[in-house]
>>> print(open('work-v7.csv').read())   # CSV, N, CA and C atoms
chain,number,residue,atom,x,y,z
U,1,ASP,N,-3.8,-5.4,5.0
U,1,ASP,CA,-4.7,-4.5,4.3
U,1,ASP,C,-6.1,-4.7,4.8
U,2,LEU,N,-6.7,-3.7,5.3
U,2,LEU,CA,-8.1,-3.7,5.5
U,2,LEU,C,-8.8,-3.3,4.2
U,3,LEU,N,-9.7,-4.1,3.7
U,3,LEU,CA,-10.2,-3.9,2.4
U,3,LEU,C,-11.7,-4.0,2.4
U,4,TYR,N,-12.4,-3.0,1.7
U,4,TYR,CA,-13.8,-3.1,1.5
U,4,TYR,C,-14.1,-3.0,0.1
U,5,THR,N,-14.8,-4.0,-0.5
U,5,THR,CA,-15.1,-4.0,-1.9
U,5,THR,C,-16.6,-3.6,-2.0
U,6,PHE,N,-16.9,-2.7,-2.8
U,6,PHE,CA,-18.3,-2.2,-3.0
U,6,PHE,C,-19.1,-3.3,-3.7
U,7,HIS,N,-20.1,-3.8,-3.2
U,7,HIS,CA,-20.9,-4.9,-3.7
U,7,HIS,C,-21.4,-4.6,-5.1
U,8,GLY,N,-21.2,-5.6,-6.0
U,8,GLY,CA,-21.6,-5.4,-7.4
U,8,GLY,C,-20.8,-4.6,-8.3
U,9,THR,N,-19.6,-4.2,-7.7
U,9,THR,CA,-18.7,-3.4,-8.5
U,9,THR,C,-17.3,-4.0,-8.5
U,10,ASN,N,-16.4,-3.5,-9.3
U,10,ASN,CA,-15.0,-3.9,-9.3
U,10,ASN,C,-14.1,-2.8,-8.6
U,11,ILE,N,-14.7,-2.1,-7.7
U,11,ILE,CA,-14.0,-1.0,-7.0
U,11,ILE,C,-13.9,-1.4,-5.5
U,12,GLY,N,-12.8,-1.1,-4.9
U,12,GLY,CA,-12.6,-1.3,-3.5
U,12,GLY,C,-11.8,-0.2,-2.9
U,13,ILE,N,-11.8,-0.2,-1.5
U,13,ILE,CA,-11.1,0.9,-0.8
U,13,ILE,C,-10.3,0.2,0.3
U,14,ALA,N,-9.0,0.6,0.4
U,14,ALA,CA,-8.1,-0.1,1.3
U,14,ALA,C,-7.4,1.0,2.2
U,15,PRO,N,-8.0,1.4,3.3
U,15,PRO,CA,-7.3,2.4,4.2
U,15,PRO,C,-6.2,1.7,4.9
U,16,SER,N,-5.2,2.5,5.3
U,16,SER,CA,-4.1,1.9,6.0
U,16,SER,C,-3.3,3.0,6.8
U,17,TYR,N,-2.5,2.6,7.7
U,17,TYR,CA,-1.7,3.5,8.5
U,17,TYR,C,-0.5,2.8,8.9
U,18,ILE,N,0.6,3.5,9.2
U,18,ILE,CA,1.8,3.0,9.8
U,18,ILE,C,2.3,4.0,10.8
U,19,LEU,N,2.7,3.4,12.0
U,19,LEU,CA,3.2,4.2,13.1
U,19,LEU,C,4.6,3.6,13.4
U,20,GLN,N,5.6,4.4,13.3
U,20,GLN,CA,7.0,4.0,13.5
U,20,GLN,C,7.7,4.7,14.6
U,21,PHE,N,8.5,4.0,15.3
U,21,PHE,CA,9.3,4.7,16.4
U,21,PHE,C,10.7,4.3,16.2
U,22,GLN,N,11.6,5.3,16.5
U,22,GLN,CA,13.0,5.0,16.5
U,22,GLN,C,13.6,6.0,17.5
U,23,GLY,N,14.0,5.5,18.7
U,23,GLY,CA,14.4,6.4,19.8
U,23,GLY,C,13.4,7.4,20.1
U,24,LYS,N,13.7,8.7,20.1
U,24,LYS,CA,12.7,9.7,20.4
U,24,LYS,C,11.9,10.1,19.2
U,25,ASN,N,12.3,9.6,18.0
U,25,ASN,CA,11.6,10.0,16.8
U,25,ASN,C,10.4,9.1,16.6
U,26,LYS,N,9.3,9.7,16.0
U,26,LYS,CA,8.1,8.9,15.6
U,26,LYS,C,7.6,9.4,14.3
U,27,GLU,N,6.9,8.5,13.6
U,27,GLU,CA,6.3,8.9,12.3
U,27,GLU,C,5.0,8.2,12.2
U,28,LEU,N,4.0,9.0,11.7
U,28,LEU,CA,2.6,8.5,11.5
U,28,LEU,C,2.3,8.8,10.0
U,29,ILE,N,1.9,7.8,9.3
U,29,ILE,CA,1.4,8.0,7.9
U,29,ILE,C,0.1,7.3,7.8
U,30,ALA,N,-0.9,8.0,7.3
U,30,ALA,CA,-2.3,7.4,7.2
U,30,ALA,C,-2.9,7.8,5.8
U,31,GLY,N,-3.7,7.0,5.3
U,31,GLY,CA,-4.3,7.3,4.0
U,31,GLY,C,-5.1,6.1,3.5
U,32,THR,N,-5.4,6.2,2.2
U,32,THR,CA,-6.2,5.1,1.6
U,32,THR,C,-5.8,4.9,0.1
U,33,PHE,N,-6.1,3.7,-0.4
U,33,PHE,CA,-6.0,3.4,-1.8
U,33,PHE,C,-7.4,3.2,-2.3
U,34,ILE,N,-7.8,3.7,-3.5
U,34,ILE,CA,-9.0,3.3,-4.2
U,34,ILE,C,-8.5,2.3,-5.2
U,35,LYS,N,-9.1,1.1,-5.2
U,35,LYS,CA,-8.6,0.0,-6.0
U,35,LYS,C,-9.6,-0.3,-7.1
U,36,TYR,N,-9.1,-0.4,-8.3
U,36,TYR,CA,-10.0,-0.8,-9.5
U,36,TYR,C,-9.5,-2.2,-9.9
U,37,TYR,N,-10.4,-3.2,-9.7
U,37,TYR,CA,-10.0,-4.6,-10.0
U,37,TYR,C,-10.2,-4.8,-11.5
U,38,ILE,N,-9.1,-5.3,-12.1
U,38,ILE,CA,-9.1,-5.6,-13.6
U,38,ILE,C,-9.8,-6.9,-13.8
U,39,LYS,N,-9.5,-8.0,-13.0
U,39,LYS,CA,-10.1,-9.3,-13.2
U,39,LYS,C,-9.9,-10.1,-12.0
U,40,ASP,N,-10.7,-11.1,-11.8
U,40,ASP,CA,-10.5,-12.2,-10.9
U,40,ASP,C,-10.0,-13.4,-11.7
U,41,ASP,N,-8.9,-14.0,-11.2
U,41,ASP,CA,-8.3,-15.1,-12.0
U,41,ASP,C,-9.0,-16.4,-12.0
U,42,SER,N,-9.6,-16.8,-10.9
U,42,SER,CA,-10.1,-18.2,-10.9
U,42,SER,C,-11.6,-18.2,-10.4
U,43,LYS,N,-12.5,-18.6,-11.2
U,43,LYS,CA,-13.9,-18.7,-10.7
U,43,LYS,C,-14.3,-20.1,-10.4
U,44,TYR,N,-13.4,-21.1,-10.7
U,44,TYR,CA,-13.7,-22.5,-10.5
U,44,TYR,C,-13.1,-23.1,-9.3
U,45,THR,N,-12.0,-22.6,-8.9
U,45,THR,CA,-11.3,-23.2,-7.7
U,45,THR,C,-11.6,-22.5,-6.5
U,46,GLY,N,-12.2,-21.3,-6.6
U,46,GLY,CA,-12.5,-20.5,-5.4
U,46,GLY,C,-11.3,-19.7,-4.9
U,47,ILE,N,-10.2,-19.8,-5.6
U,47,ILE,CA,-9.0,-19.0,-5.2
U,47,ILE,C,-9.0,-17.8,-6.1
U,48,ILE,N,-9.2,-16.6,-5.4
U,48,ILE,CA,-9.3,-15.4,-6.1
U,48,ILE,C,-7.9,-14.6,-6.0
U,49,LEU,N,-7.2,-14.5,-7.1
U,49,LEU,CA,-6.0,-13.8,-7.2
U,49,LEU,C,-6.3,-12.6,-8.1
U,50,ARG,N,-6.6,-11.5,-7.5
U,50,ARG,CA,-7.0,-10.3,-8.2
U,50,ARG,C,-5.8,-9.5,-8.7
U,51,SER,N,-6.0,-8.8,-9.8
U,51,SER,CA,-5.1,-7.8,-10.3
U,51,SER,C,-5.9,-6.4,-10.2
U,52,SER,N,-5.1,-5.4,-9.8
U,52,SER,CA,-5.8,-4.1,-9.7
U,52,SER,C,-4.9,-2.9,-10.0
U,53,ILE,N,-5.5,-1.8,-10.3
U,53,ILE,CA,-4.8,-0.5,-10.5
U,53,ILE,C,-5.3,0.3,-9.3
U,54,ASN,N,-4.3,0.9,-8.5
U,54,ASN,CA,-4.7,1.6,-7.3
U,54,ASN,C,-4.2,3.0,-7.3
U,55,PHE,N,-5.1,3.9,-6.8
U,55,PHE,CA,-4.8,5.3,-6.7
U,55,PHE,C,-4.9,5.6,-5.2
U,56,GLY,N,-3.9,6.3,-4.7
U,56,GLY,CA,-3.9,6.6,-3.2
U,56,GLY,C,-3.4,8.0,-2.9
U,57,ALA,N,-3.8,8.3,-1.7
U,57,ALA,CA,-3.4,9.6,-1.1
U,57,ALA,C,-3.1,9.3,0.4
U,58,PHE,N,-2.0,9.7,0.9
U,58,PHE,CA,-1.6,9.5,2.3
U,58,PHE,C,-1.0,10.8,2.8
U,59,TYR,N,-1.1,10.9,4.2
U,59,TYR,CA,-0.5,12.1,4.8
U,59,TYR,C,0.5,11.7,5.9
U,60,ARG,N,1.7,12.2,5.7
U,60,ARG,CA,2.8,12.0,6.7
U,60,ARG,C,2.6,13.1,7.7
U,61,TYR,N,2.2,12.8,8.9
U,61,TYR,CA,1.8,13.8,9.9
U,61,TYR,C,2.9,14.9,10.1
U,62,GLY,N,2.5,16.2,9.8
U,62,GLY,CA,3.3,17.3,10.0
U,62,GLY,C,4.4,17.5,8.9
U,63,ASP,N,4.3,16.7,7.8
U,63,ASP,CA,5.4,16.8,6.9
U,63,ASP,C,4.9,16.8,5.4
U,64,ALA,N,4.2,15.9,4.9
U,64,ALA,CA,4.0,15.8,3.5
U,64,ALA,C,2.7,15.1,3.1
U,65,LEU,N,2.2,15.4,1.9
U,65,LEU,CA,1.1,14.7,1.3
U,65,LEU,C,1.8,13.7,0.3
U,66,ILE,N,1.3,12.5,0.3
U,66,ILE,CA,2.0,11.5,-0.6
U,66,ILE,C,0.9,11.0,-1.6
U,67,LEU,N,1.1,11.2,-2.9
U,67,LEU,CA,0.2,10.7,-3.9
U,67,LEU,C,0.8,9.5,-4.6
U,68,CYS,N,0.0,8.5,-4.8
U,68,CYS,CA,0.5,7.2,-5.2
U,68,CYS,C,-0.4,6.6,-6.4
U,69,VAL,N,0.3,5.8,-7.2
U,69,VAL,CA,-0.4,5.0,-8.2
U,69,VAL,C,0.4,3.7,-8.3
U,70,ASN,N,-0.3,2.6,-8.3
U,70,ASN,CA,0.4,1.3,-8.4
U,70,ASN,C,-0.4,0.3,-9.1
U,71,PHE,N,0.2,-0.8,-9.5
U,71,PHE,CA,-0.4,-1.9,-10.2
U,71,PHE,C,-0.1,-3.2,-9.4
U,72,ASP,N,-1.1,-3.9,-9.0
U,72,ASP,CA,-1.0,-5.2,-8.2
U,72,ASP,C,-1.3,-6.3,-9.2
U,73,LYS,N,-0.4,-7.2,-9.4
U,73,LYS,CA,-0.6,-8.3,-10.3
U,73,LYS,C,-0.8,-9.6,-9.5
U,74,ARG,N,-2.0,-10.1,-9.5
U,74,ARG,CA,-2.4,-11.4,-8.8
U,74,ARG,C,-2.0,-11.4,-7.4
U,75,GLN,N,-2.0,-10.3,-6.7
U,75,GLN,CA,-1.7,-10.2,-5.3
U,75,GLN,C,-0.4,-10.7,-4.9
U,76,LYS,N,0.5,-10.8,-5.9
U,76,LYS,CA,1.9,-11.3,-5.7
U,76,LYS,C,2.9,-10.2,-5.9
U,77,TYR,N,2.7,-9.4,-7.0
U,77,TYR,CA,3.7,-8.4,-7.4
U,77,TYR,C,3.0,-7.1,-7.4
U,78,SER,N,3.7,-6.0,-7.1
U,78,SER,CA,3.2,-4.7,-7.1
U,78,SER,C,4.3,-3.8,-7.7
U,79,PHE,N,3.9,-2.9,-8.6
U,79,PHE,CA,4.8,-1.9,-9.2
U,79,PHE,C,4.1,-0.6,-9.0
U,80,GLY,N,4.9,0.4,-8.4
U,80,GLY,CA,4.2,1.6,-8.1
U,80,GLY,C,5.1,2.9,-8.3
U,81,PHE,N,4.4,4.0,-8.2
U,81,PHE,CA,5.1,5.3,-8.2
U,81,PHE,C,4.4,6.2,-7.2
U,82,SER,N,5.2,6.9,-6.4
U,82,SER,CA,4.6,7.9,-5.5
U,82,SER,C,5.4,9.2,-5.5
U,83,TYR,N,4.8,10.2,-5.1
U,83,TYR,CA,5.4,11.5,-5.0
U,83,TYR,C,5.0,12.2,-3.8
U,84,ASP,N,6.0,12.7,-3.0
U,84,ASP,CA,5.8,13.4,-1.8
U,84,ASP,C,5.7,14.9,-2.1
U,85,VAL,N,4.6,15.5,-1.6
U,85,VAL,CA,4.5,17.0,-1.7
U,85,VAL,C,4.8,17.6,-0.4
U,86,ASN,N,5.8,18.3,-0.3
U,86,ASN,CA,6.3,18.9,1.0
U,86,ASN,C,5.3,19.9,1.6
U,87,LEU,N,4.8,19.7,2.8
U,87,LEU,CA,3.9,20.6,3.4
U,87,LEU,C,4.4,21.2,4.7
U,88,SER,N,5.7,20.8,5.1
U,88,SER,CA,6.2,21.2,6.3
U,88,SER,C,6.8,22.6,6.3
U,89,GLY,N,7.5,23.0,7.3
U,89,GLY,CA,8.2,24.4,7.3
U,89,GLY,C,9.2,24.6,6.2
U,90,PHE,N,9.6,23.5,5.6
U,90,PHE,CA,10.6,23.6,4.5
U,90,PHE,C,9.9,24.0,3.2
U,91,SER,N,8.5,24.0,3.1
U,91,SER,CA,7.8,24.2,1.9
U,91,SER,C,8.1,25.6,1.3
U,92,LYS,N,8.5,26.6,2.1
U,92,LYS,CA,8.9,27.9,1.6
U,92,LYS,C,10.1,27.8,0.7
U,93,SER,N,11.1,27.0,1.1
U,93,SER,CA,12.3,26.8,0.3
U,93,SER,C,12.2,25.8,-0.8
U,94,THR,N,11.3,24.8,-0.6
U,94,THR,CA,11.1,23.7,-1.6
U,94,THR,C,10.0,24.0,-2.6
U,95,TYR,N,9.2,25.0,-2.3
U,95,TYR,CA,8.0,25.3,-3.2
U,95,TYR,C,7.1,24.1,-3.4
U,96,LEU,N,6.8,23.4,-2.3
U,96,LEU,CA,5.9,22.2,-2.3
U,96,LEU,C,6.5,21.0,-3.1
U,97,ARG,N,7.8,21.1,-3.5
U,97,ARG,CA,8.4,20.0,-4.2
U,97,ARG,C,8.8,19.0,-3.2
U,98,GLY,N,8.7,17.7,-3.5
U,98,GLY,CA,9.1,16.6,-2.7
U,98,GLY,C,10.0,15.7,-3.5
U,99,GLY,N,9.7,14.5,-3.4
U,99,GLY,CA,10.6,13.5,-4.1
U,99,GLY,C,9.8,12.3,-4.7
U,100,PRO,N,10.2,11.9,-5.9
U,100,PRO,CA,9.5,10.7,-6.5
U,100,PRO,C,10.1,9.4,-5.9
U,101,GLU,N,9.3,8.4,-5.8
U,101,GLU,CA,9.7,7.0,-5.4
U,101,GLU,C,9.1,6.0,-6.3
U,102,PHE,N,9.9,5.0,-6.7
U,102,PHE,CA,9.4,3.9,-7.5
U,102,PHE,C,9.5,2.7,-6.5
U,103,THR,N,8.4,1.8,-6.7
U,103,THR,CA,8.3,0.7,-5.8
U,103,THR,C,8.1,-0.6,-6.6
U,104,ILE,N,8.9,-1.7,-6.2
U,104,ILE,CA,8.6,-3.0,-6.7
U,104,ILE,C,8.5,-3.9,-5.4
U,105,ARG,N,7.4,-4.6,-5.3
U,105,ARG,CA,7.2,-5.4,-4.1
U,105,ARG,C,6.7,-6.8,-4.5
U,106,TYR,N,7.2,-7.8,-3.8
U,106,TYR,CA,6.8,-9.2,-3.9
U,106,TYR,C,6.2,-9.7,-2.6
U,107,ASN,N,5.0,-10.2,-2.7
U,107,ASN,CA,4.3,-10.7,-1.5
U,107,ASN,C,4.4,-12.2,-1.5
U,108,THR,N,4.8,-12.8,-0.3
U,108,THR,CA,5.0,-14.2,-0.3
U,108,THR,C,3.6,-14.9,-0.2
U,109,GLY,N,2.7,-14.2,0.5
U,109,GLY,CA,1.3,-14.8,0.6
U,109,GLY,C,1.2,-15.9,1.7
U,110,ASN,N,2.3,-16.2,2.3
U,110,ASN,CA,2.3,-17.3,3.4
U,110,ASN,C,2.3,-16.6,4.7
U,111,ALA,N,1.2,-16.6,5.4
U,111,ALA,CA,1.1,-15.9,6.7
U,111,ALA,C,1.9,-16.5,7.8
U,112,TYR,N,2.4,-17.8,7.6
U,112,TYR,CA,3.1,-18.4,8.6
U,112,TYR,C,4.7,-18.4,8.4
U,113,LEU,N,5.1,-17.8,7.3
U,113,LEU,CA,6.5,-17.9,6.9
U,113,LEU,C,7.4,-17.2,7.9
U,114,TYR,N,7.0,-16.1,8.5
U,114,TYR,CA,7.8,-15.3,9.4
U,114,TYR,C,7.5,-15.5,10.9
U,115,GLN,N,6.7,-16.4,11.2
U,115,GLN,CA,6.3,-16.6,12.6
U,115,GLN,C,7.3,-17.5,13.3
U,116,LYS,N,7.4,-17.3,14.7
U,116,LYS,CA,8.3,-18.2,15.5
U,116,LYS,C,7.7,-19.6,15.5
U,117,ARG,N,8.5,-20.6,15.5
U,117,ARG,CA,8.1,-21.9,15.6
U,117,ARG,C,8.1,-22.3,17.1
U,118,PRO,N,7.2,-23.1,17.6
U,118,PRO,CA,7.2,-23.5,19.0
U,118,PRO,C,8.4,-24.4,19.2
U,119,LYS,N,9.0,-24.3,20.4
U,119,LYS,CA,10.1,-25.1,20.8
U,119,LYS,C,9.7,-26.5,21.0
U,120,ALA,N,10.6,-27.4,20.5
U,120,ALA,CA,10.3,-28.9,20.7
U,120,ALA,C,10.6,-29.2,22.2
U,121,GLU,N,9.7,-30.1,22.7
U,121,GLU,CA,9.8,-30.5,24.1
U,121,GLU,C,10.5,-31.7,24.3
>>> encode(input="work-v7.csv", output="structure tokens")
Amino acid sequence: DLLYTFHGTNIGIAPSYILQFQGKNKELIAGTFIKYYIKDDSKYTGIILRSSINFGAFYRYGDALILCVNFDKRQKYSFGFSYDVNLSGFSKSTYLRGGPEFTIRYNTGNAYLYQKRPKAE
């Protein structure tokens, strides 16, 4: 997450994108979350584990607008809801309807957990 927090406020912005390839198919999704920080957990240890409510809008290139809302708890758990608004050629038959999605995510927070280990010599 690229994140910018507006100085002196509890509001941040987190733009993101994902580019995926599978065979001849490709998908690009780009957008941003506006984050409202509820609190910082620790002011004495220097470890900041924030909780936030996030509102986002993303665009799946050539296909859909994705509207999202989620709650991040201490940068470990995230619970969210998103809805795809169909903007593609199918919109005439779907009347801009898309599909709802619910998300539950757990972040390990360990940047080294999934890296390759060097081979022993």
>>> atom_distance(input="work-v7.csv", atom1="atom N of Lys24 in chain U", atom2="atom C of Ala57 in chain U")
25.9 Å
>>> atom_distance(input="work-v7.csv", atom1="atom N of Leu28 in chain U", atom2="atom C of Ile104 in chain U")
21.9 Å
>>> atom_distance(input="work-v7.csv", atom1="atom C of Tyr17 in chain U", atom2="atom N of Thr32 in chain U")
9.0 Å
>>> closest_residue(input="work-v7.csv", among="U:Ser88, U:Tyr83, U:Asn25, U:Ile53", to="Glu101 in chain U", atoms="all atoms listed in the file")
U:Tyr83
>>> closest_residue(input="work-v7.csv", among="U:Arg105, U:Asn10, U:Gln22, U:Lys35", to="Gly80 in chain U", atoms="only N, CA and C atoms")
U:Arg105
>>> closest_residue(input="work-v7.csv", among="U:Asn54, U:Phe79, U:Tyr4, U:Asn86", to="Phe102 in chain U", atoms="all atoms listed in the file")
U:Phe79
>>> closest_residue(input="work-v7.csv", among="U:Phe21, U:Arg50, U:Gly62, U:Asp72", to="Phe33 in chain U", atoms="only C-alpha atoms")
U:Asp72
>>> select_by_dssp(input="work-v7.csv", residues="range 8-94 of chain U", states="helix (DSSP H, G or I)", output="list in words")
Ser91, Lys92, Ser93 and Thr94 of chain U
>>> write_last_selection(input="work-v7.csv", atoms="N, CA and C atoms", output="tab-separated table (two decimals), in the coordinates of the input")
chain	number	residue	atom	x	y	z
U	91	SER	N	8.50	24.00	3.10
U	91	SER	CA	7.80	24.20	1.90
U	91	SER	C	8.10	25.60	1.30
U	92	LYS	N	8.50	26.60	2.10
U	92	LYS	CA	8.90	27.90	1.60
U	92	LYS	C	10.10	27.80	0.70
U	93	SER	N	11.10	27.00	1.10
U	93	SER	CA	12.30	26.80	0.30
U	93	SER	C	12.20	25.80	-0.80
U	94	THR	N	11.30	24.80	-0.60
U	94	THR	CA	11.10	23.70	-1.60
U	94	THR	C	10.00	24.00	-2.60
>>> residues_around(input="work-v7.csv", residues="Arg60 in chain U", least_positions_apart="5", cutoff="6 Å", atoms="only N, CA and C atoms", output="compact mmCIF listing (two decimals) with N, CA and C atoms, keeping the file's coordinate frame")
# COMPACT_ATOMS: atom_id res chain seq x y z
N LEU U 28 4.00 9.00 11.70
CA LEU U 28 2.60 8.50 11.50
C LEU U 28 2.30 8.80 10.00
N ILE U 29 1.90 7.80 9.30
CA ILE U 29 1.40 8.00 7.90
C ILE U 29 0.10 7.30 7.80
N ALA U 30 -0.90 8.00 7.30
CA ALA U 30 -2.30 7.40 7.20
C ALA U 30 -2.90 7.80 5.80
N LEU U 65 2.20 15.40 1.90
CA LEU U 65 1.10 14.70 1.30
C LEU U 65 1.80 13.70 0.30
N ILE U 66 1.30 12.50 0.30
CA ILE U 66 2.00 11.50 -0.60
C ILE U 66 0.90 11.00 -1.60
>>> build_atoms(input="work-v7.csv", residues="range 64-73 of chain U", atoms="all heavy atoms", output="PDB file, in the frame of the given file")
ATOM      1  N   ALA U  64       4.200  15.900   4.900  1.00  0.00           N
ATOM      2  CA  ALA U  64       4.000  15.800   3.500  1.00  0.00           C
ATOM      3  C   ALA U  64       2.700  15.100   3.100  1.00  0.00           C
ATOM      4  O   ALA U  64       2.152  14.244   3.881  1.00  0.00           O
ATOM      5  CB  ALA U  64       5.140  14.987   2.863  1.00  0.00           C
ATOM      6  N   LEU U  65       2.200  15.400   1.900  1.00  0.00           N
ATOM      7  CA  LEU U  65       1.100  14.700   1.300  1.00  0.00           C
ATOM      8  C   LEU U  65       1.800  13.700   0.300  1.00  0.00           C
ATOM      9  O   LEU U  65       2.666  14.122  -0.473  1.00  0.00           O
ATOM     10  CB  LEU U  65       0.198  15.645   0.552  1.00  0.00           C
ATOM     11  CG  LEU U  65      -0.913  15.045  -0.290  1.00  0.00           C
ATOM     12  CD1 LEU U  65      -1.925  14.315   0.585  1.00  0.00           C
ATOM     13  CD2 LEU U  65      -1.596  16.139  -1.101  1.00  0.00           C
ATOM     14  N   ILE U  66       1.300  12.500   0.300  1.00  0.00           N
ATOM     15  CA  ILE U  66       2.000  11.500  -0.600  1.00  0.00           C
ATOM     16  C   ILE U  66       0.900  11.000  -1.600  1.00  0.00           C
ATOM     17  O   ILE U  66      -0.134  10.422  -1.163  1.00  0.00           O
ATOM     18  CB  ILE U  66       2.504  10.274   0.209  1.00  0.00           C
ATOM     19  CG1 ILE U  66       3.472  10.773   1.281  1.00  0.00           C
ATOM     20  CG2 ILE U  66       3.163   9.254  -0.712  1.00  0.00           C
ATOM     21  CD1 ILE U  66       3.782   9.753   2.353  1.00  0.00           C
ATOM     22  N   LEU U  67       1.100  11.200  -2.900  1.00  0.00           N
ATOM     23  CA  LEU U  67       0.200  10.700  -3.900  1.00  0.00           C
ATOM     24  C   LEU U  67       0.800   9.500  -4.600  1.00  0.00           C
ATOM     25  O   LEU U  67       2.000   9.477  -4.885  1.00  0.00           O
ATOM     26  CB  LEU U  67      -0.015  11.832  -4.928  1.00  0.00           C
ATOM     27  CG  LEU U  67      -0.536  13.146  -4.337  1.00  0.00           C
ATOM     28  CD1 LEU U  67      -0.564  14.230  -5.393  1.00  0.00           C
ATOM     29  CD2 LEU U  67      -1.902  12.950  -3.727  1.00  0.00           C
ATOM     30  N   CYS U  68       0.000   8.500  -4.800  1.00  0.00           N
ATOM     31  CA  CYS U  68       0.500   7.200  -5.200  1.00  0.00           C
ATOM     32  C   CYS U  68      -0.400   6.600  -6.400  1.00  0.00           C
ATOM     33  O   CYS U  68      -1.570   6.803  -6.384  1.00  0.00           O
ATOM     34  CB  CYS U  68       0.479   6.122  -4.120  1.00  0.00           C
ATOM     35  SG  CYS U  68       1.147   6.625  -2.558  1.00  0.00           S
ATOM     36  N   VAL U  69       0.300   5.800  -7.200  1.00  0.00           N
ATOM     37  CA  VAL U  69      -0.400   5.000  -8.200  1.00  0.00           C
ATOM     38  C   VAL U  69       0.400   3.700  -8.300  1.00  0.00           C
ATOM     39  O   VAL U  69       1.628   3.757  -8.295  1.00  0.00           O
ATOM     40  CB  VAL U  69      -0.608   5.677  -9.540  1.00  0.00           C
ATOM     41  CG1 VAL U  69       0.718   6.009 -10.181  1.00  0.00           C
ATOM     42  CG2 VAL U  69      -1.454   4.829 -10.466  1.00  0.00           C
ATOM     43  N   ASN U  70      -0.300   2.600  -8.300  1.00  0.00           N
ATOM     44  CA  ASN U  70       0.400   1.300  -8.400  1.00  0.00           C
ATOM     45  C   ASN U  70      -0.400   0.300  -9.100  1.00  0.00           C
ATOM     46  O   ASN U  70      -1.654   0.408  -9.217  1.00  0.00           O
ATOM     47  CB  ASN U  70       1.085   0.812  -7.153  1.00  0.00           C
ATOM     48  CG  ASN U  70       0.121   0.336  -6.121  1.00  0.00           C
ATOM     49  OD1 ASN U  70      -1.065   0.221  -6.365  1.00  0.00           O
ATOM     50  ND2 ASN U  70       0.608   0.042  -4.945  1.00  0.00           N
ATOM     51  N   PHE U  71       0.200  -0.800  -9.500  1.00  0.00           N
ATOM     52  CA  PHE U  71      -0.400  -1.900 -10.200  1.00  0.00           C
ATOM     53  C   PHE U  71      -0.100  -3.200  -9.400  1.00  0.00           C
ATOM     54  O   PHE U  71       1.070  -3.495  -9.227  1.00  0.00           O
ATOM     55  CB  PHE U  71       0.071  -2.029 -11.655  1.00  0.00           C
ATOM     56  CG  PHE U  71      -0.419  -3.262 -12.360  1.00  0.00           C
ATOM     57  CD1 PHE U  71      -1.748  -3.390 -12.711  1.00  0.00           C
ATOM     58  CD2 PHE U  71       0.449  -4.281 -12.670  1.00  0.00           C
ATOM     59  CE1 PHE U  71      -2.205  -4.530 -13.359  1.00  0.00           C
ATOM     60  CE2 PHE U  71       0.009  -5.433 -13.316  1.00  0.00           C
ATOM     61  CZ  PHE U  71      -1.324  -5.546 -13.664  1.00  0.00           C
ATOM     62  N   ASP U  72      -1.100  -3.900  -9.000  1.00  0.00           N
ATOM     63  CA  ASP U  72      -1.000  -5.200  -8.200  1.00  0.00           C
ATOM     64  C   ASP U  72      -1.300  -6.300  -9.200  1.00  0.00           C
ATOM     65  O   ASP U  72      -2.416  -6.306  -9.756  1.00  0.00           O
ATOM     66  CB  ASP U  72      -1.876  -5.249  -7.028  1.00  0.00           C
ATOM     67  CG  ASP U  72      -1.474  -4.325  -5.907  1.00  0.00           C
ATOM     68  OD1 ASP U  72      -0.319  -3.873  -5.905  1.00  0.00           O
ATOM     69  OD2 ASP U  72      -2.319  -4.053  -5.042  1.00  0.00           O
ATOM     70  N   LYS U  73      -0.400  -7.200  -9.400  1.00  0.00           N
ATOM     71  CA  LYS U  73      -0.600  -8.300 -10.300  1.00  0.00           C
ATOM     72  C   LYS U  73      -0.800  -9.600  -9.500  1.00  0.00           C
ATOM     73  O   LYS U  73       0.093 -10.043  -8.756  1.00  0.00           O
ATOM     74  CB  LYS U  73       0.623  -8.497 -11.209  1.00  0.00           C
ATOM     75  CG  LYS U  73       0.554  -9.683 -12.141  1.00  0.00           C
ATOM     76  CD  LYS U  73      -0.534  -9.502 -13.164  1.00  0.00           C
ATOM     77  CE  LYS U  73      -0.474 -10.661 -14.154  1.00  0.00           C
ATOM     78  NZ  LYS U  73      -1.678 -10.815 -14.883  1.00  0.00           N
TER      79      LYS U  73
END
